>>> print(open('final_7.pdb').read())   # PDB, C-alpha atoms and all ligand atoms
ATOM      1  CA  MET A   1     -91.361   1.938  -8.219  1.00  0.00           C
ATOM      2  CA  THR A   2     -91.320   0.571 -11.712  1.00  0.00           C
ATOM      3  CA  LYS A   3     -91.757   2.485 -14.982  1.00  0.00           C
ATOM      4  CA  LEU A   4     -93.647   1.549 -18.113  1.00  0.00           C
ATOM      5  CA  ASN A   5     -91.583  -0.517 -20.596  1.00  0.00           C
ATOM      6  CA  GLU A   6     -88.696  -1.123 -18.224  1.00  0.00           C
ATOM      7  CA  ILE A   7     -87.118  -4.544 -18.711  1.00  0.00           C
ATOM      8  CA  TYR A   8     -86.094  -6.675 -15.735  1.00  0.00           C
ATOM      9  CA  LYS A   9     -84.047  -9.876 -15.713  1.00  0.00           C
ATOM     10  CA  CYS A  10     -83.649 -12.593 -13.087  1.00  0.00           C
ATOM     11  CA  ASN A  11     -79.932 -13.350 -12.759  1.00  0.00           C
ATOM     12  CA  VAL A  12     -80.711 -16.799 -11.348  1.00  0.00           C
ATOM     13  CA  CYS A  13     -83.121 -18.372 -13.844  1.00  0.00           C
ATOM     14  CA  GLY A  14     -82.981 -15.913 -16.759  1.00  0.00           C
ATOM     15  CA  ASN A  15     -86.654 -14.869 -16.669  1.00  0.00           C
ATOM     16  CA  MET A  16     -87.099 -11.502 -18.349  1.00  0.00           C
ATOM     17  CA  VAL A  17     -90.135  -9.244 -18.103  1.00  0.00           C
ATOM     18  CA  GLU A  18     -91.220  -5.935 -19.625  1.00  0.00           C
ATOM     19  CA  LEU A  19     -93.449  -3.628 -17.597  1.00  0.00           C
ATOM     20  CA  THR A  20     -96.841  -3.103 -19.204  1.00  0.00           C
ATOM     21  CA  HIS A  21     -98.287  -1.316 -16.161  1.00  0.00           C
ATOM     22  CA  GLU A  22     -96.432   0.594 -13.462  1.00  0.00           C
ATOM     23  CA  GLY A  23     -96.665  -0.381  -9.817  1.00  0.00           C
ATOM     24  CA  LYS A  24     -95.086   0.390  -6.482  1.00  0.00           C
ATOM     25  CA  GLY A  25     -93.741  -3.071  -5.762  1.00  0.00           C
ATOM     26  CA  GLU A  26     -90.315  -4.523  -6.399  1.00  0.00           C
ATOM     27  CA  LEU A  27     -90.046  -7.327  -8.937  1.00  0.00           C
ATOM     28  CA  VAL A  28     -88.672 -10.504  -7.356  1.00  0.00           C
ATOM     29  CA  CYS A  29     -87.794 -13.834  -8.979  1.00  0.00           C
ATOM     30  CA  CYS A  30     -86.031 -16.895  -7.515  1.00  0.00           C
ATOM     31  CA  GLY A  31     -86.105 -15.174  -4.120  1.00  0.00           C
ATOM     32  CA  GLN A  32     -84.162 -12.051  -5.106  1.00  0.00           C
ATOM     33  CA  PRO A  33     -84.840  -8.669  -6.737  1.00  0.00           C
ATOM     34  CA  MET A  34     -84.773  -8.725 -10.522  1.00  0.00           C
ATOM     35  CA  GLU A  35     -82.148  -6.568 -12.257  1.00  0.00           C
ATOM     36  CA  LEU A  36     -83.352  -3.501 -14.146  1.00  0.00           C
ATOM     37  CA  LEU A  37     -81.663  -3.627 -17.558  1.00  0.00           C
ATOM     38  CA  ILE A  38     -80.283  -0.287 -18.716  1.00  0.00           C
ATOM     39  CA  ALA A  39     -80.030  -0.115 -22.498  1.00  0.00           C
ATOM     40  CA  LYS A  40     -76.557   0.658 -23.777  1.00  0.00           C
ATOM     41  CA  VAL A  41     -76.096   3.208 -26.548  1.00  0.00           C
ATOM     42  CA  LYS A  42     -72.332   3.432 -27.001  1.00  0.00           C
ATOM     43  CA  GLU A  43     -70.739   0.675 -29.073  1.00  0.00           C
ATOM     44  CA  GLU A  44     -67.833  -1.248 -27.575  1.00  0.00           C
ATOM     45  CA  GLY A  45     -65.728  -4.048 -29.055  1.00  0.00           C
ATOM     46  CA  THR A  46     -65.894  -5.433 -32.574  1.00  0.00           C
ATOM     47  CA  GLU A  47     -69.500  -6.643 -32.599  1.00  0.00           C
ATOM     48  CA  LYS A  48     -72.046  -3.915 -33.128  1.00  0.00           C
ATOM     49  CA  HIS A  49     -75.375  -3.885 -31.294  1.00  0.00           C
ATOM     50  CA  ARG A  50     -77.104  -0.533 -31.712  1.00  0.00           C
ATOM     51  CA  PRO A  51     -80.352  -0.908 -33.640  1.00  0.00           C
ATOM     52  CA  ILE A  52     -80.300   1.070 -36.883  1.00  0.00           C
ATOM     53  CA  ILE A  53     -83.664   2.334 -38.150  1.00  0.00           C
ATOM     54  CA  LYS A  54     -84.158   2.567 -41.911  1.00  0.00           C
ATOM     55  CA  THR A  55     -87.276   3.520 -43.823  1.00  0.00           C
ATOM     56  CA  ASP A  56     -87.925   1.197 -46.737  1.00  0.00           C
ATOM     57  CA  LYS A  57     -90.824   0.809 -49.198  1.00  0.00           C
ATOM     58  CA  LYS A  58     -91.896  -2.328 -47.244  1.00  0.00           C
ATOM     59  CA  GLY A  59     -92.004  -0.464 -43.908  1.00  0.00           C
ATOM     60  CA  ILE A  60     -89.491   0.390 -41.258  1.00  0.00           C
ATOM     61  CA  LEU A  61     -86.481  -1.875 -41.157  1.00  0.00           C
ATOM     62  CA  VAL A  62     -84.553  -2.209 -37.915  1.00  0.00           C
ATOM     63  CA  GLN A  63     -81.134  -3.794 -38.286  1.00  0.00           C
ATOM     64  CA  VAL A  64     -78.914  -4.626 -35.321  1.00  0.00           C
ATOM     65  CA  GLY A  65     -75.405  -3.322 -35.770  1.00  0.00           C
ATOM     66  CA  SER A  66     -73.687  -1.315 -38.476  1.00  0.00           C
ATOM     67  CA  ASN A  67     -71.950  -4.647 -39.160  1.00  0.00           C
ATOM     68  CA  PRO A  68     -74.690  -7.272 -38.872  1.00  0.00           C
ATOM     69  CA  HIS A  69     -74.573  -8.922 -35.438  1.00  0.00           C
ATOM     70  CA  PRO A  70     -73.901 -12.712 -35.282  1.00  0.00           C
ATOM     71  CA  MET A  71     -76.990 -14.964 -35.241  1.00  0.00           C
ATOM     72  CA  ALA A  72     -75.319 -18.171 -34.030  1.00  0.00           C
ATOM     73  CA  PRO A  73     -76.744 -20.481 -31.332  1.00  0.00           C
ATOM     74  CA  LYS A  74     -74.217 -19.283 -28.725  1.00  0.00           C
ATOM     75  CA  HIS A  75     -74.402 -15.584 -29.590  1.00  0.00           C
ATOM     76  CA  HIS A  76     -77.399 -13.903 -31.185  1.00  0.00           C
ATOM     77  CA  ILE A  77     -80.011 -11.188 -31.044  1.00  0.00           C
ATOM     78  CA  GLU A  78     -83.102 -12.625 -29.337  1.00  0.00           C
ATOM     79  CA  TRP A  79     -85.537  -9.835 -30.177  1.00  0.00           C
ATOM     80  CA  ILE A  80     -86.011  -6.342 -31.542  1.00  0.00           C
ATOM     81  CA  GLU A  81     -88.640  -3.952 -30.226  1.00  0.00           C
ATOM     82  CA  VAL A  82     -89.835  -0.573 -31.469  1.00  0.00           C
ATOM     83  CA  MET A  83     -91.948   2.101 -29.805  1.00  0.00           C
ATOM     84  CA  ASP A  84     -93.800   4.864 -31.574  1.00  0.00           C
ATOM     85  CA  LYS A  85     -96.008   7.493 -29.879  1.00  0.00           C
ATOM     86  CA  LYS A  86     -98.409   4.970 -28.364  1.00  0.00           C
ATOM     87  CA  ASP A  87     -97.596   1.399 -29.327  1.00  0.00           C
ATOM     88  CA  VAL A  88     -94.881  -1.150 -28.637  1.00  0.00           C
ATOM     89  CA  CYS A  89     -94.099  -3.902 -31.131  1.00  0.00           C
ATOM     90  CA  HIS A  90     -91.805  -6.781 -30.300  1.00  0.00           C
ATOM     91  CA  LYS A  91     -90.426  -9.327 -32.773  1.00  0.00           C
ATOM     92  CA  TYR A  92     -88.413 -12.449 -31.994  1.00  0.00           C
ATOM     93  CA  LEU A  93     -85.560 -13.447 -34.282  1.00  0.00           C
ATOM     94  CA  LYS A  94     -84.407 -16.952 -35.198  1.00  0.00           C
ATOM     95  CA  ILE A  95     -80.898 -18.380 -35.234  1.00  0.00           C
ATOM     96  CA  GLY A  96     -79.390 -18.045 -38.695  1.00  0.00           C
ATOM     97  CA  GLN A  97     -81.661 -15.276 -39.943  1.00  0.00           C
ATOM     98  CA  LYS A  98     -80.345 -11.751 -40.511  1.00  0.00           C
ATOM     99  CA  PRO A  99     -80.321  -9.625 -37.339  1.00  0.00           C
ATOM    100  CA  GLN A 100     -83.086  -7.415 -38.690  1.00  0.00           C
ATOM    101  CA  THR A 101     -86.842  -7.226 -39.096  1.00  0.00           C
ATOM    102  CA  PHE A 102     -89.564  -5.022 -40.576  1.00  0.00           C
ATOM    103  CA  PHE A 103     -92.151  -3.171 -38.517  1.00  0.00           C
ATOM    104  CA  ASN A 104     -95.415  -1.671 -39.667  1.00  0.00           C
ATOM    105  CA  ALA A 105     -95.036   1.469 -37.586  1.00  0.00           C
ATOM    106  CA  GLU A 106     -95.142   5.195 -38.150  1.00  0.00           C
ATOM    107  CA  LYS A 107     -92.415   7.317 -36.611  1.00  0.00           C
ATOM    108  CA  ILE A 108     -90.304   5.183 -34.318  1.00  0.00           C
ATOM    109  CA  LYS A 109     -89.216   6.927 -31.126  1.00  0.00           C
ATOM    110  CA  ILE A 110     -87.041   4.129 -29.764  1.00  0.00           C
ATOM    111  CA  ALA A 111     -85.724   0.814 -31.064  1.00  0.00           C
ATOM    112  CA  ARG A 112     -84.311  -1.725 -28.612  1.00  0.00           C
ATOM    113  CA  ALA A 113     -82.567  -5.038 -29.176  1.00  0.00           C
ATOM    114  CA  TYR A 114     -81.450  -7.792 -26.825  1.00  0.00           C
ATOM    115  CA  CYS A 115     -78.243  -9.798 -27.337  1.00  0.00           C
ATOM    116  CA  ASN A 116     -78.068 -13.029 -25.312  1.00  0.00           C
ATOM    117  CA  ILE A 117     -74.475 -12.187 -24.308  1.00  0.00           C
ATOM    118  CA  HIS A 118     -74.149  -8.387 -24.432  1.00  0.00           C
ATOM    119  CA  GLY A 119     -77.570  -7.398 -23.118  1.00  0.00           C
ATOM    120  CA  LEU A 120     -79.936  -4.578 -23.976  1.00  0.00           C
ATOM    121  CA  TRP A 121     -79.236  -1.851 -26.543  1.00  0.00           C
ATOM    122  CA  LYS A 122     -81.221   1.066 -27.859  1.00  0.00           C
ATOM    123  CA  ASN A 123     -81.269   3.831 -30.407  1.00  0.00           C
TER     124      ASN A 123
HETATM  125 FE    FE A 201     -73.638  -9.524 -28.946  1.00  0.00          FE
END
>>> encode(input="final_7.pdb", output="structure tokens")
Amino acid sequence: MTKLNEIYKCNVCGNMVELTHEGKGELVCCGQPMELLIAKVKEEGTEKHRPIIKTDKKGILVQVGSNPHPMAPKHHIEWIEVMDKKDVCHKYLKIGQKPQTFFNAEKIKIARAYCNIHGLWKN
């Protein structure tokens, strides 16, 4: 049984999906069950990954890491997502840009970010 907004990854081909509607079935890709990604919250190592939510006059800024996370081709934040009471907003980042983005959202309940090496993080 899946749950709304869960994120699953195929460990063979790298496909990643986010649940937009719950169902009873198991998600399968490349002939095997997809892995449910559990967002980490506790920092480890020197690179920081937890999304930090800041309110700014331009909107809500979500920055990845208390020290900005690398945005190099081999190691970067692929996307940042925020959820408020009813909506989900997902923004993709580009190599070389700062690991942050603005959202036009009200009160954010959860912010998540995905690092291509260290996986899924939330705050
Ligand atoms: Fe990372």
>>> residues_around(input="final_7.pdb", residues="Ile7 (chain A)", least_positions_apart="6", cutoff="10 Å", atoms="all atoms listed in the file", output="list of chain:residue names")
A:Met16, A:Val17, A:Glu18, A:Leu19, A:Thr20, A:Met34, A:Glu35, A:Leu36, A:Leu37, A:Ile38, A:Ala39, A:Leu120
>>> residues_near_ligand(input="final_7.pdb", ligand="ligand FE 201 (chain A)", cutoff="7 Å", atoms="all atoms listed in the file", output="PyMOL selection string")
chain A and resi 47+49+69+75-77+115-118
>>> axis_aligned_box(input="final_7.pdb", around="region 78-84 of chain A", padding_each_side="8 Å", output="lines of an AutoDock Vina configuration file")
center_x = -88.5
center_y = -3.9
center_z = -30.5
size_x = 26.7
size_y = 33.5
size_z = 18.2
>>> residues_around(input="final_7.pdb", residues="Trp121 (chain A)", least_positions_apart="6", cutoff="8 Å", atoms="only C-alpha atoms", output="list in words")
Ala39, Lys40, Val41, His49, Arg50, Pro51, Arg112, Ala113 and Tyr114 of chain A
>>> atom_distance(input="final_7.pdb", atom1="CA of Lys42 (chain A)", atom2="CA of Gln100 (chain A)")
19.2 Å
>>> closest_residue(input="final_7.pdb", among="A:Lys3, A:Lys57, A:Lys107, A:Lys122", to="Ile80 (chain A)", atoms="only C-alpha atoms")
A:Lys122
>>> resolve_selection(input="final_7.pdb", expression="the PyMOL selection byres (((chain A and resi 101) around 9) and not hetatm)", output="PyMOL selection string")
chain A and resi 60-63+80+91-93+98-100+102-103
>>> atom_distance(input="final_7.pdb", atom1="CA of Ile95 (chain A)", atom2="CA of Trp79 (chain A)")
11.0 Å
>>> decode(input="final_7.pdb", residues="region 15-116 of chain A", atoms="C-alpha atoms", output="CSV table (one decimal), in the first residue's frame")
chain,number,residue,atom,x,y,z
A,15,ASN,CA,13.6,6.2,-12.3
A,16,MET,CA,12.1,8.1,-9.5
A,17,VAL,CA,8.4,8.7,-8.9
A,18,GLU,CA,6.2,10.6,-6.4
A,19,LEU,CA,2.8,9.2,-5.5
A,20,THR,CA,0.0,11.6,-6.5
A,21,HIS,CA,-2.7,9.0,-5.7
A,22,GLU,CA,-2.6,6.1,-3.3
A,23,GLY,CA,-3.1,2.6,-4.4
A,24,LYS,CA,-2.9,-1.0,-3.2
A,25,GLY,CA,-0.3,-2.2,-5.6
A,26,GLU,CA,3.5,-2.4,-5.3
A,27,LEU,CA,5.6,-0.2,-7.6
A,28,VAL,CA,7.8,-2.2,-9.8
A,29,CYS,CA,10.5,-1.0,-12.3
A,30,CYS,CA,13.1,-3.0,-14.3
A,31,GLY,CA,11.5,-6.2,-12.9
A,32,GLN,CA,11.9,-5.5,-9.2
A,33,PRO,CA,10.2,-3.5,-6.4
A,34,MET,CA,11.1,0.2,-6.3
A,35,GLU,CA,12.7,1.4,-3.1
A,36,LEU,CA,10.7,3.7,-0.9
A,37,LEU,CA,13.0,6.7,0.0
A,38,ILE,CA,12.9,7.7,3.6
A,39,ALA,CA,13.8,11.3,4.1
A,40,LYS,CA,16.7,11.9,6.4
A,41,VAL,CA,16.6,14.7,9.0
A,42,LYS,CA,19.8,14.3,11.0
A,43,GLU,CA,22.9,15.8,9.3
A,44,GLU,CA,26.0,13.6,8.9
A,45,GLY,CA,29.4,14.4,7.5
A,46,THR,CA,30.7,17.8,6.3
A,47,GLU,CA,28.1,18.5,3.6
A,48,LYS,CA,24.8,19.7,4.9
A,49,HIS,CA,21.5,18.7,3.3
A,50,ARG,CA,18.6,19.7,5.5
A,51,PRO,CA,16.4,22.2,3.7
A,52,ILE,CA,16.2,25.5,5.6
A,53,ILE,CA,13.0,27.5,5.3
A,54,LYS,CA,13.3,31.3,5.4
A,55,THR,CA,10.6,33.9,4.9
A,56,ASP,CA,11.8,36.8,2.7
A,57,LYS,CA,10.0,39.7,1.1
A,58,LYS,CA,10.1,37.9,-2.3
A,59,GLY,CA,8.4,34.8,-0.8
A,60,ILE,CA,9.6,31.7,1.0
A,61,LEU,CA,13.2,30.8,0.4
A,62,VAL,CA,14.3,27.2,0.8
A,63,GLN,CA,18.0,26.7,1.0
A,64,VAL,CA,19.7,23.3,1.2
A,65,GLY,CA,22.2,23.1,4.0
A,66,SER,CA,23.3,25.5,6.6
A,67,ASN,CA,26.5,25.6,4.5
A,68,PRO,CA,25.3,25.7,0.9
A,69,HIS,CA,25.4,22.2,-0.6
A,70,PRO,CA,27.7,21.7,-3.7
A,71,MET,CA,26.1,22.2,-7.1
A,72,ALA,CA,28.7,20.4,-9.2
A,73,PRO,CA,28.0,18.0,-12.1
A,74,LYS,CA,29.0,15.0,-10.0
A,75,HIS,CA,27.3,16.1,-6.7
A,76,HIS,CA,24.3,18.4,-6.5
A,77,ILE,CA,20.8,19.0,-5.4
A,78,GLU,CA,18.4,17.9,-8.1
A,79,TRP,CA,15.2,19.4,-6.7
A,80,ILE,CA,13.5,21.1,-3.8
A,81,GLU,CA,9.9,20.5,-3.0
A,82,VAL,CA,7.6,22.2,-0.5
A,83,MET,CA,4.2,21.2,0.8
A,84,ASP,CA,1.7,23.5,2.5
A,85,LYS,CA,-1.8,22.5,3.8
A,86,LYS,CA,-3.0,21.3,0.3
A,87,ASP,CA,-0.5,21.9,-2.4
A,88,VAL,CA,2.9,20.5,-3.4
A,89,CYS,CA,5.4,22.6,-5.4
A,90,HIS,CA,8.5,21.1,-6.9
A,91,LYS,CA,11.4,23.0,-8.4
A,92,TYR,CA,14.4,21.6,-10.3
A,93,LEU,CA,17.8,23.2,-9.8
A,94,LYS,CA,20.6,23.6,-12.3
A,95,ILE,CA,24.3,22.8,-11.9
A,96,GLY,CA,26.2,25.9,-10.8
A,97,GLN,CA,23.2,27.7,-9.3
A,98,LYS,CA,22.9,28.2,-5.6
A,99,PRO,CA,21.2,25.3,-3.8
A,100,GLN,CA,18.1,27.3,-3.1
A,101,THR,CA,14.9,28.5,-4.6
A,102,PHE,CA,11.9,30.7,-3.9
A,103,PHE,CA,8.3,29.4,-3.5
A,104,ASN,CA,5.1,31.3,-3.7
A,105,ALA,CA,3.5,29.4,-0.8
A,106,GLU,CA,1.8,30.2,2.5
A,107,LYS,CA,2.9,28.2,5.6
A,108,ILE,CA,5.2,25.4,4.5
A,109,LYS,CA,4.6,22.2,6.4
A,110,ILE,CA,7.4,20.2,4.9
A,111,ALA,CA,10.4,21.0,2.6
A,112,ARG,CA,12.2,18.1,0.9
A,113,ALA,CA,15.4,18.1,-1.2
A,114,TYR,CA,17.1,15.4,-3.2
A,115,CYS,CA,20.9,15.1,-3.5
A,116,ASN,CA,22.1,12.9,-6.3
